[in-house]
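J.: File name upload_17.tsv; file contents TSV, C-alpha atoms and all ligand atoms; full text below.
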```
chain	number	residue	atom	x	y	z
A	1	MET	CA	-53.96	2.61	-21.59
A	2	ALA	CA	-51.67	5.46	-20.56
A	3	GLY	CA	-52.02	8.65	-22.55
A	4	MET	CA	-49.06	10.02	-24.49
A	5	SER	CA	-48.83	12.89	-22.03
A	6	ASP	CA	-48.20	10.43	-19.15
A	7	ILE	CA	-45.09	8.97	-20.73
A	8	ALA	CA	-41.69	10.55	-20.13
A	9	PHE	CA	-40.02	9.86	-23.47
A	10	PHE	CA	-36.27	9.47	-23.82
A	11	LYS	CA	-34.48	12.66	-24.82
A	12	ALA	CA	-30.78	12.64	-25.63
A	13	ASP	CA	-30.15	15.97	-23.91
A	14	ALA	CA	-31.76	14.86	-20.62
A	15	SER	CA	-31.26	11.09	-20.76
A	16	ASP	CA	-29.70	10.73	-17.31
A	17	ARG	CA	-32.62	12.52	-15.63
A	18	LEU	CA	-35.04	9.93	-16.99
A	19	PHE	CA	-32.96	7.18	-15.36
A	20	ALA	CA	-32.80	9.16	-12.09
A	21	GLU	CA	-36.59	9.42	-11.94
A	22	ARG	CA	-36.94	5.66	-12.18
A	23	ILE	CA	-34.99	5.10	-8.96
A	24	SER	CA	-36.20	8.21	-7.17
A	25	GLY	CA	-38.24	6.15	-4.69
A	26	ALA	CA	-35.37	3.87	-3.64
A	27	ALA	CA	-35.20	3.06	0.06
A	28	ASP	CA	-31.40	3.25	-0.07
A	29	GLU	CA	-31.09	6.95	-0.85
A	30	ARG	CA	-27.29	7.01	-0.73
A	31	LEU	CA	-26.99	4.17	-3.26
A	32	ALA	CA	-29.58	5.80	-5.53
A	33	ALA	CA	-27.79	9.15	-5.31
A	34	VAL	CA	-24.41	7.59	-6.19
A	35	LEU	CA	-25.93	5.67	-9.11
A	36	CYS	CA	-27.60	8.85	-10.39
A	37	LYS	CA	-24.19	10.56	-10.35
A	38	VAL	CA	-22.66	7.63	-12.26
A	39	ALA	CA	-25.43	7.94	-14.87
A	40	GLU	CA	-25.11	11.73	-15.02
A	41	HIS	CA	-21.36	11.60	-15.69
A	42	ALA	CA	-21.56	8.60	-18.04
A	43	HIS	CA	-24.26	10.28	-20.14
A	44	ALA	CA	-22.28	13.55	-20.15
A	45	ILE	CA	-19.15	11.70	-21.39
A	46	ILE	CA	-21.18	10.15	-24.20
A	47	ARG	CA	-22.68	13.49	-25.21
A	48	GLU	CA	-19.21	15.07	-25.19
A	49	THR	CA	-17.25	12.33	-26.96
A	50	ARG	CA	-20.06	11.01	-29.22
A	51	PRO	CA	-18.88	7.38	-29.57
A	52	SER	CA	-19.94	5.53	-32.72
A	53	LEU	CA	-21.78	2.23	-32.29
A	54	SER	CA	-18.53	0.37	-33.00
A	55	ASP	CA	-16.66	2.58	-30.45
A	56	TRP	CA	-19.29	1.61	-27.88
A	57	ARG	CA	-18.98	-2.08	-28.77
A	58	ALA	CA	-15.19	-1.80	-28.35
A	59	ALA	CA	-15.67	-0.20	-24.91
A	60	ILE	CA	-18.00	-3.04	-23.84
A	61	GLU	CA	-15.52	-5.61	-25.17
A	62	PHE	CA	-12.73	-3.93	-23.18
A	63	LEU	CA	-14.75	-4.14	-19.95
A	64	THR	CA	-15.64	-7.76	-20.71
A	65	GLU	CA	-11.98	-8.63	-21.26
A	66	VAL	CA	-11.05	-7.02	-17.93
A	67	GLY	CA	-13.67	-9.16	-16.19
A	68	HIS	CA	-12.51	-12.35	-17.88
A	69	LEU	CA	-8.94	-11.81	-16.60
A	70	CYS	CA	-10.07	-11.77	-12.96
A	71	ASP	CA	-9.74	-14.91	-10.87
A	72	GLU	CA	-8.62	-15.74	-7.33
A	73	ARG	CA	-4.98	-14.92	-8.21
A	74	ARG	CA	-5.48	-11.84	-10.38
A	75	GLN	CA	-7.78	-8.85	-9.92
A	76	GLU	CA	-7.64	-6.85	-13.12
A	77	TRP	CA	-10.32	-4.41	-11.94
A	78	VAL	CA	-8.07	-3.30	-9.08
A	79	LEU	CA	-5.30	-2.71	-11.59
A	80	VAL	CA	-7.68	-0.63	-13.74
A	81	SER	CA	-8.62	1.43	-10.68
A	82	ASP	CA	-4.95	1.80	-9.72
A	83	LEU	CA	-3.71	2.83	-13.15
A	84	LEU	CA	-6.48	5.38	-13.62
A	85	GLY	CA	-5.50	6.99	-10.31
A	86	THR	CA	-8.91	6.34	-8.79
A	87	SER	CA	-7.57	4.00	-6.06
A	88	THR	CA	-5.19	6.70	-4.87
A	89	LEU	CA	-7.96	9.30	-5.01
A	90	VAL	CA	-10.27	7.16	-2.82
A	91	ASP	CA	-7.38	6.56	-0.41
A	92	ALA	CA	-6.54	10.28	-0.30
A	93	LEU	CA	-10.15	11.28	0.43
A	94	ASN	CA	-10.34	8.70	3.21
A	95	SER	CA	-7.09	9.61	4.93
A	96	ASP	CA	-7.39	13.30	5.56
A	97	ARG	CA	-4.58	13.88	8.07
A	98	PRO	CA	-2.76	16.86	9.53
A	99	GLU	CA	0.09	18.18	7.42
A	100	GLN	CA	2.71	16.90	9.89
A	101	ALA	CA	1.42	13.31	9.65
A	102	THR	CA	3.16	10.99	7.18
A	103	PRO	CA	0.91	10.44	4.15
A	104	ASN	CA	-0.76	7.11	3.51
A	105	THR	CA	-0.44	5.09	0.32
A	106	MET	CA	-2.18	1.93	-0.82
A	107	ARG	CA	-0.97	-1.36	0.67
A	108	GLY	CA	-0.69	-3.16	-2.65
A	109	PRO	CA	-1.17	-6.86	-3.37
A	110	PHE	CA	2.06	-8.31	-1.92
A	111	TYR	CA	1.54	-7.76	1.84
A	112	ARG	CA	1.66	-10.81	4.14
A	113	ASP	CA	0.47	-10.74	7.74
A	114	ASP	CA	2.36	-13.85	8.88
A	115	VAL	CA	5.92	-12.53	9.05
A	116	PRO	CA	7.63	-13.58	12.31
A	117	LEU	CA	8.81	-10.94	14.77
A	118	MET	CA	12.52	-10.16	14.32
A	119	GLN	CA	15.15	-8.66	16.60
A	120	GLN	CA	16.42	-5.19	15.83
A	121	GLY	CA	19.65	-5.24	13.82
A	122	GLY	CA	18.49	-8.31	11.89
A	123	ASN	CA	18.80	-8.71	8.14
A	124	ILE	CA	15.59	-9.27	6.16
A	125	SER	CA	17.56	-10.22	3.01
A	126	LEU	CA	17.56	-13.98	3.49
A	127	ASP	CA	19.40	-14.72	0.24
A	128	GLY	CA	21.88	-11.85	0.59
A	129	ILE	CA	21.53	-10.88	-3.08
A	130	GLY	CA	21.74	-7.16	-3.78
A	131	SER	CA	23.36	-3.96	-2.48
A	132	PRO	CA	23.20	-3.95	1.31
A	133	VAL	CA	21.33	-1.13	3.06
A	134	ALA	CA	21.14	-0.25	6.75
A	135	ILE	CA	17.75	1.26	7.54
A	136	THR	CA	16.74	3.18	10.63
A	137	VAL	CA	13.07	4.08	10.98
A	138	SER	CA	12.10	6.63	13.62
A	139	ILE	CA	8.47	6.31	14.70
A	140	LEU	CA	7.31	9.62	16.14
A	141	ASP	CA	4.16	11.47	17.06
A	142	LEU	CA	3.13	14.73	15.38
A	143	ASP	CA	5.35	16.72	17.76
A	144	GLY	CA	8.40	14.56	17.04
A	145	SER	CA	8.34	12.61	20.31
A	146	PRO	CA	9.28	8.91	19.96
A	147	ILE	CA	6.61	6.20	20.11
A	148	PRO	CA	8.09	3.14	21.86
A	149	GLY	CA	6.56	-0.31	21.35
A	150	ALA	CA	5.14	0.47	17.90
A	151	ARG	CA	4.77	-2.45	15.50
A	152	LEU	CA	6.57	-1.94	12.19
A	153	GLU	CA	6.08	-4.25	9.24
A	154	THR	CA	8.08	-3.84	6.06
A	155	TRP	CA	8.12	-5.59	2.70
A	156	GLN	CA	9.86	-4.85	-0.56
A	157	ALA	CA	10.86	-6.22	-3.96
A	158	ASN	CA	14.33	-7.65	-4.55
A	159	ALA	CA	17.05	-6.19	-6.76
A	160	GLN	CA	15.24	-7.54	-9.83
A	161	GLY	CA	11.89	-5.99	-8.83
A	162	PHE	CA	10.13	-9.15	-7.63
A	163	TYR	CA	8.44	-9.80	-4.30
A	164	GLU	CA	9.08	-13.09	-2.53
A	165	ASN	CA	5.49	-14.27	-3.05
A	166	GLN	CA	5.82	-13.68	-6.80
A	167	GLN	CA	8.80	-16.04	-6.92
A	168	PRO	CA	8.12	-18.79	-4.37
A	169	ASP	CA	10.54	-21.13	-6.18
A	170	LEU	CA	13.37	-18.60	-6.46
A	171	GLN	CA	13.31	-16.62	-3.19
A	172	PRO	CA	13.28	-17.94	0.39
A	173	GLU	CA	9.98	-17.70	2.26
A	174	HIS	CA	9.61	-14.26	3.91
A	175	ASN	CA	12.61	-12.90	1.99
A	176	LEU	CA	12.75	-9.08	2.26
A	177	ARG	CA	9.97	-8.91	4.84
A	178	GLY	CA	10.35	-7.83	8.42
A	179	HIS	CA	8.28	-7.34	11.53
A	180	PHE	CA	9.82	-5.33	14.37
A	181	VAL	CA	8.90	-3.45	17.54
A	182	SER	CA	10.32	0.03	18.13
A	183	GLY	CA	12.65	0.62	21.08
A	184	ASP	CA	12.33	3.23	23.84
A	185	ASP	CA	13.72	5.78	21.37
A	186	GLY	CA	10.94	4.95	18.87
A	187	LYS	CA	13.51	3.51	16.46
A	188	VAL	CA	13.74	0.32	14.44
A	189	SER	CA	17.05	-0.55	12.77
A	190	TYR	CA	17.62	-3.44	10.39
A	191	PHE	CA	19.49	-4.47	7.27
A	192	THR	CA	18.10	-5.18	3.83
A	193	ILE	CA	19.09	-4.67	0.18
A	194	ARG	CA	18.26	-1.83	-2.19
A	195	PRO	CA	15.07	-2.74	-4.08
A	196	SER	CA	14.51	-2.25	-7.78
A	197	GLY	CA	11.47	-0.74	-9.48
A	198	TYR	CA	9.31	-2.86	-11.75
A	199	GLU	CA	6.70	-2.67	-14.46
A	200	VAL	CA	3.06	-3.12	-13.55
A	201	PRO	CA	1.40	-6.06	-15.39
A	202	LYS	CA	0.97	-5.00	-19.00
A	203	ASP	CA	-0.40	-8.20	-20.51
A	204	GLY	CA	-4.02	-7.25	-19.76
A	205	PRO	CA	-6.38	-4.96	-21.67
A	206	LEU	CA	-5.53	-1.80	-19.73
A	207	GLY	CA	-1.76	-2.39	-19.89
A	208	ASP	CA	-2.16	-2.92	-23.63
A	209	LEU	CA	-4.19	0.28	-23.99
A	210	LEU	CA	-1.80	2.37	-21.89
A	211	GLN	CA	1.22	1.08	-23.84
A	212	ARG	CA	-0.50	2.11	-27.07
A	213	LEU	CA	-1.00	5.56	-25.56
A	214	GLY	CA	2.62	5.75	-24.35
A	215	ALA	CA	1.73	5.97	-20.64
A	216	PRO	CA	4.57	5.09	-18.23
A	217	LEU	CA	4.19	1.67	-16.60
A	218	CYS	CA	7.41	1.49	-14.49
A	219	ARG	CA	7.00	1.93	-10.76
A	220	PRO	CA	9.91	3.69	-9.07
A	221	ALA	CA	11.71	1.51	-6.51
A	222	HIS	CA	10.03	1.60	-3.10
A	223	ILE	CA	9.85	-0.04	0.29
A	224	TYR	CA	6.51	-0.64	1.98
A	225	PHE	CA	5.88	0.02	5.66
A	226	GLN	CA	2.90	-0.51	7.91
A	227	VAL	CA	3.16	1.05	11.36
A	228	SER	CA	0.66	0.56	14.15
A	229	ALA	CA	0.69	1.72	17.75
A	230	ASP	CA	-1.88	2.02	20.53
A	231	ASP	CA	-3.82	5.29	20.34
A	232	TYR	CA	-2.59	6.10	16.81
A	233	GLU	CA	-4.02	5.57	13.33
A	234	THR	CA	-2.29	2.75	11.49
A	235	LEU	CA	-0.03	4.12	8.77
A	236	THR	CA	0.51	2.22	5.52
A	237	THR	CA	2.98	3.91	3.26
A	238	GLN	CA	5.91	3.57	0.87
A	239	ILE	CA	9.32	5.21	0.82
A	240	PHE	CA	10.58	5.77	-2.71
A	241	ASP	CA	14.16	5.71	-3.93
A	242	GLY	CA	15.00	9.37	-4.59
A	243	ASP	CA	17.50	8.35	-7.30
A	244	ASP	CA	14.98	6.39	-9.36
A	245	PRO	CA	14.44	7.91	-12.83
A	246	ASN	CA	10.74	6.97	-12.70
A	247	LEU	CA	10.06	8.92	-9.50
A	248	GLY	CA	7.92	11.52	-11.28
A	249	THR	CA	5.85	9.05	-13.31
A	250	ASP	CA	4.69	6.39	-10.86
A	251	PRO	CA	1.82	4.66	-12.71
A	252	LEU	CA	-0.01	4.21	-9.36
A	253	PHE	CA	0.35	7.91	-8.38
A	254	SER	CA	1.69	7.02	-4.91
A	255	VAL	CA	4.74	9.30	-4.76
A	256	LYS	CA	4.03	12.16	-2.35
A	257	PRO	CA	6.14	14.80	-0.65
A	258	GLY	CA	7.67	13.31	2.48
A	259	LEU	CA	7.85	9.80	0.97
A	260	ILE	CA	11.10	10.20	-0.98
A	261	GLY	CA	14.09	8.54	0.64
A	262	CYS	CA	17.78	9.15	0.14
A	263	PHE	CA	20.15	6.17	0.03
A	264	LYS	CA	23.42	7.58	1.36
A	265	PRO	CA	26.88	6.04	1.70
A	266	ASP	CA	27.36	4.68	5.20
A	267	ALA	CA	29.57	6.93	7.33
A	268	THR	CA	31.64	3.96	8.45
A	269	GLY	CA	32.98	3.55	4.92
A	270	ARG	CA	31.66	0.01	4.63
A	271	THR	CA	30.00	-0.99	1.37
A	272	VAL	CA	26.62	-0.43	2.95
A	273	LEU	CA	24.14	2.28	2.06
A	274	ARG	CA	22.11	4.05	4.74
A	275	LEU	CA	18.46	5.01	4.61
A	276	ASP	CA	16.98	7.02	7.46
A	277	VAL	CA	13.22	7.33	7.57
A	278	GLU	CA	10.90	9.28	9.89
A	279	PHE	CA	7.25	8.45	10.29
A	280	HIS	CA	4.86	10.75	12.13
A	281	LEU	CA	1.71	8.99	13.31
A	282	ASN	CA	-1.62	10.70	13.69
A	283	PRO	CA	-3.34	10.17	17.07
A	284	LEU	CA	-6.73	8.50	17.08
A	285	PRO	CA	-9.60	10.82	18.01
A	286	PRO	CA	-10.62	10.56	21.68
A	287	GLU	CA	-13.32	7.98	22.43
A	288	PRO	CA	-16.74	9.62	22.54
A	289	ARG	CA	-18.13	9.81	26.08
A	290	SER	CA	-21.14	7.54	26.62
B	301	FE	FE	5.45	-2.56	-4.87
```
Represent the structure contained in this file as structure tokens.
Ligand SMILES: [Fe+2]
T.:
Amino acid sequence: MAGMSDIAFFKADASDRLFAERISGAADERLAAVLCKVAEHAHAIIRETRPSLSDWRAAIEFLTEVGHLCDERRQEWVLVSDLLGTSTLVDALNSDRPEQATPNTMRGPFYRDDVPLMQQGGNISLDGIGSPVAITVSILDLDGSPIPGARLETWQANAQGFYENQQPDLQPEHNLRGHFVSGDDGKVSYFTIRPSGYEVPKDGPLGDLLQRLGAPLCRPAHIYFQVSADDYETLTTQIFDGDDPNLGTDPLFSVKPGLIGCFKPDATGRTVLRLDVEFHLNPLPPEPRS
């Protein structure tokens, strides 16, 4: 029988260290180190906020409810990560780029990779509903030189804030999605309509909680782009409507300097707005010599 002196008893002021000792021999040192950090911060939060037993039960019920909402069509945990800003933080720490490079944002859940290639000058608004916009995207390197032959994919919500794959019975297939290749001048020009912002899903436990706390849930209007070219890092980003009143309170924390667009009246006087966008791609690091 072990003596009392051999037993490391639980102490509230050092509770996380006891857990850390139990996995100190793990073969996967990185996993053990990360889990120790999780325990350290979780125990510190509990010591600081001192939840009652019923507070703790409510927290467990909240996490359980989030899990129960997940299925093949809905991933509530991703929404939790997004709305807490942790998704954007992970993305930011994994896309450390030079200042001149266009910042990355998350790709979001509405991307499709099966959009047919279109000719420049085409219109991605297949139902023609909304305020027309002529967009020119310039795809450039960090020095401002054009990148010909780059692949540009774009997707956006309609004027009511819905993506085509959210409304398969109301919008034509591939509505407001485009796939283009840049010309010798690095440019892609096409027509679309001005998108609207939208609320993130608020019928789940986190949406409910954030509404009770008065947190903003309206995303400012935006257009997604994914740009890829040989020898450059693929860029996934969003351009936000600079006139949107929710620009400063994006619930997904994606608005960054350099990603705010300006819809201007078209110089020709037609009832078409113009949006000019510049993307600066970061070159891939040179291949290591073997
Ligand atoms: Fe979106």
J.: Restricting the calculation to all atoms listed in the file, which member of A:Gln211, A:Thr86, A:Ser182, A:Thr105 is positioned closest to ligand FE 301 (chain B)?
T.: A:Thr105
J.: Which residues are close to segment 106-114 of chain A, i.e. within 9 Å by only C-alpha atoms, leaving aside same-chain residues fewer than 2 positions away? Reply as a list in words.
T.: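 Using only C-alpha atoms, the neighbours found are Ser87, Thr88, Asp91, Asn104, Pro116, Glu153, Thr154, Trp155, Gln156, Tyr163, Glu164, Asn165, Gln166, His174, Arg177, Tyr224, Phe225, Gln226, Thr236, Thr237, Gln238 and Ser254 of chain A.
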J.: Could you check the closest approach to Gly144 of chain A for each of A:His280, A:Lys37, A:Asp266, A:Ser5 and tell me which residue wins, using only C-alpha atoms?
T.: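 Residue with the minimum atom-to-atom distance to Gly144 of chain A: A:His280.
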J.: Identify which of the residues A:Ile223, A:Asp185, A:Ala134, A:Leu83 lies closest to Thr268 of chain A, counting only C-alpha atoms when measuring atom-to-atom distances.
T.: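 For Thr268 of chain A, the nearest of the given residues is A:Ala134.
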J.: At what distance in Å, to one decimal, does atom CA of Ala150 of chain A lie from atom CA of Ser131 of chain A?
T.: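 One can read the atom CA of Ser131 of chain A to atom CA of Ala150 of chain A distance as 27.7 Å.
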J.: Suppose you want the space between atom CA of Ala221 of chain A and atom CA of Pro132 of chain A; what is it in Å?
T.: 14.9 Å
J.: What does the distance from atom CA of Ala32 of chain A to atom CA of Trp77 of chain A come to in Å, to one decimal?
T.: 22.7 Å
